[in-house]
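Accompanying notes for the structure given below.
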Amino acid sequence: MIRNICNELRKNLYIPVYLISSVLVTVVCSLSIGFESSNGIKYTVAEIVLFADKELIISNGELDRYSIWYNGLSGYGTILFPLLIGIGFMYVISAERKNGTNRFMLIRSNSLKYCVSKTVAAVLSSGIILLTGYVLYGIIVYLKFPAPVDFEELYGKGEIQAVLIRLLRTFGYGGYISVIPISVSMFFNDRYILMCLPLIVKYVIDQSALKLLITSTTMSSIVNTFSMERIIMDPEGFSFVNMAFYIGLLVLITIAMKIIVKGRDGYGLD
């Protein structure tokens, strides 16, 4: 099983795809809002990095590097994350389905090991890609923005501890988001659908959650509990219910994948 997961992970993290995906994650993070002026004009982090004078940045107490880094995983750009973190394994699954490689793999390994390996490797590669892109973004922020005046007083914990927790949450967030591209790649293998559908699904989920948050107090509590973004936005730490929910979803996806594999000797609709 471990060997199967490692093999799948190597395919998912094919170096060119891994590097391009990670850099694109960094770009998306850089397009998050870094500052809003008193007259309502919003500036992205990329604009501040490229055009703002460093002395002006240092003189503005709101522009400390940790808050800018923290806000990198927010905004409309996050709609792109399911595609960016999943493009590697979605392509692999599609290619294996079309050239018949999956049948050869199923001969050497039973369907349960095959499906579990696919799911676990997809989750790990998604977390690694998102984490790598976010770390690259953090390096840019570290070089451009000043440190908080008193980090522990502002954030309630030491800087090293806060950064490590943030990195762990980011990896987990990548694992949560992988639910979308894994589900899509399980049923489709057309490259155009694989490029578009994860974005559409994420957009529909985000907009539906937003409407529920606005219209119902009860539904607002439920949405907050099961939100993908809770793992990175909730200052209180990990939510057991939230984590159990997404682990359960991955288990159900794996079971569904096994049923499809067993019934079709492969999976993905032509």
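Chain labels A, B, ... are given in the sequence in which chains occur in the structure tokens; within each chain residues are numbered consecutively from 1, and ligands are likewise numbered from 1 in the order shown.
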Review point. Which polymer residues have any atom within 10 Å of an atom of A:Leu197, counting only C-alpha atoms, with same-chain residues fewer than 4 positions away left out, as a ChimeraX atom specification?
Key: /A:82-83,180-181,184-185,188,192-193,201-203
Practice item. Enumerate the residues of stretch 2-138 of chain A with a DSSP assignment of strand (DSSP E or B), computed from the backbone, and present them as a list in words. Key: Ile33, Gly34, Phe35, Glu36, Lys42, Tyr43 and Thr44 of chain A
Practice item. Tell me, as number ranges by chain, which residues lie within 10 Å of A:Thr225, counting only C-alpha atoms; anything in the same chain fewer than 5 positions away does not count. Key: A: 219-220, 230-231, 234, 239-243, 245
Exercise for review: Would you please extract all helix (DSSP H, G or I) residues from stretch 48-257 of chain A, as assigned by DSSP on the backbone, and give them as a ChimeraX atom specification?
Suggested key: /A:48-51,54-59,65-73,76-99,101-108,111-144,151-155,159-177,179-187,191-215,217-226,230-233,240-257
Exercise for review: Find the residues around A:Arg10 up to 12 Å (only C-alpha atoms counted), leave out those fewer than 6 positions away in its own chain, and share them as a ChimeraX atom specification.
Suggested key: /A:3-4,16-18,88-89,92,117-118,121-122,124-125,128
**Study point:** Residues near stretch 249-251 of chain A, cut-off 10 Å, only C-alpha atoms, skip fewer than 4 positions along chain, as number ranges by chain
**Key:** A: 116, 119-120, 123, 175-176, 178-179, 182-183, 243-245, 255-257
Check your understanding: How many Å separate atom CA of A:Leu130 from atom CA of A:Gly174?
Key ->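 Result for atom CA of A:Leu130 versus atom CA of A:Gly174: 5.7 Å, one decimal.
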Check your understanding: What is the distance between atom CA of A:Thr78 and atom CA of A:Cys29, in Å to one decimal?
Key ->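 Between atom CA of A:Thr78 and atom CA of A:Cys29 the gap is 8.1 Å.
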Check your understanding: In Å to one decimal, how far is atom CA of A:Leu136 from atom CA of A:Glu36?
Key -> 23.7 Å
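Proximity of A:Ile129, A:Val45, A:Tyr66, A:Gly40 to A:Asp150, computed with only C-alpha atoms, is greatest for A:Tyr66.
Considering the residues A:Ser208, A:Asn110, A:Thr44, A:Gln161 and counting only C-alpha atoms, A:Ser74 has its shortest atom-to-atom contact with A:Thr44.
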Practice item. Mind checking which residues fall within 10 Å of A:Ile20, counting only C-alpha atoms, ignoring those fewer than 4 positions away in the same chain, and posting them as a PyMOL selection string? Key: chain A and resi 15-16+24-26+84+129+133
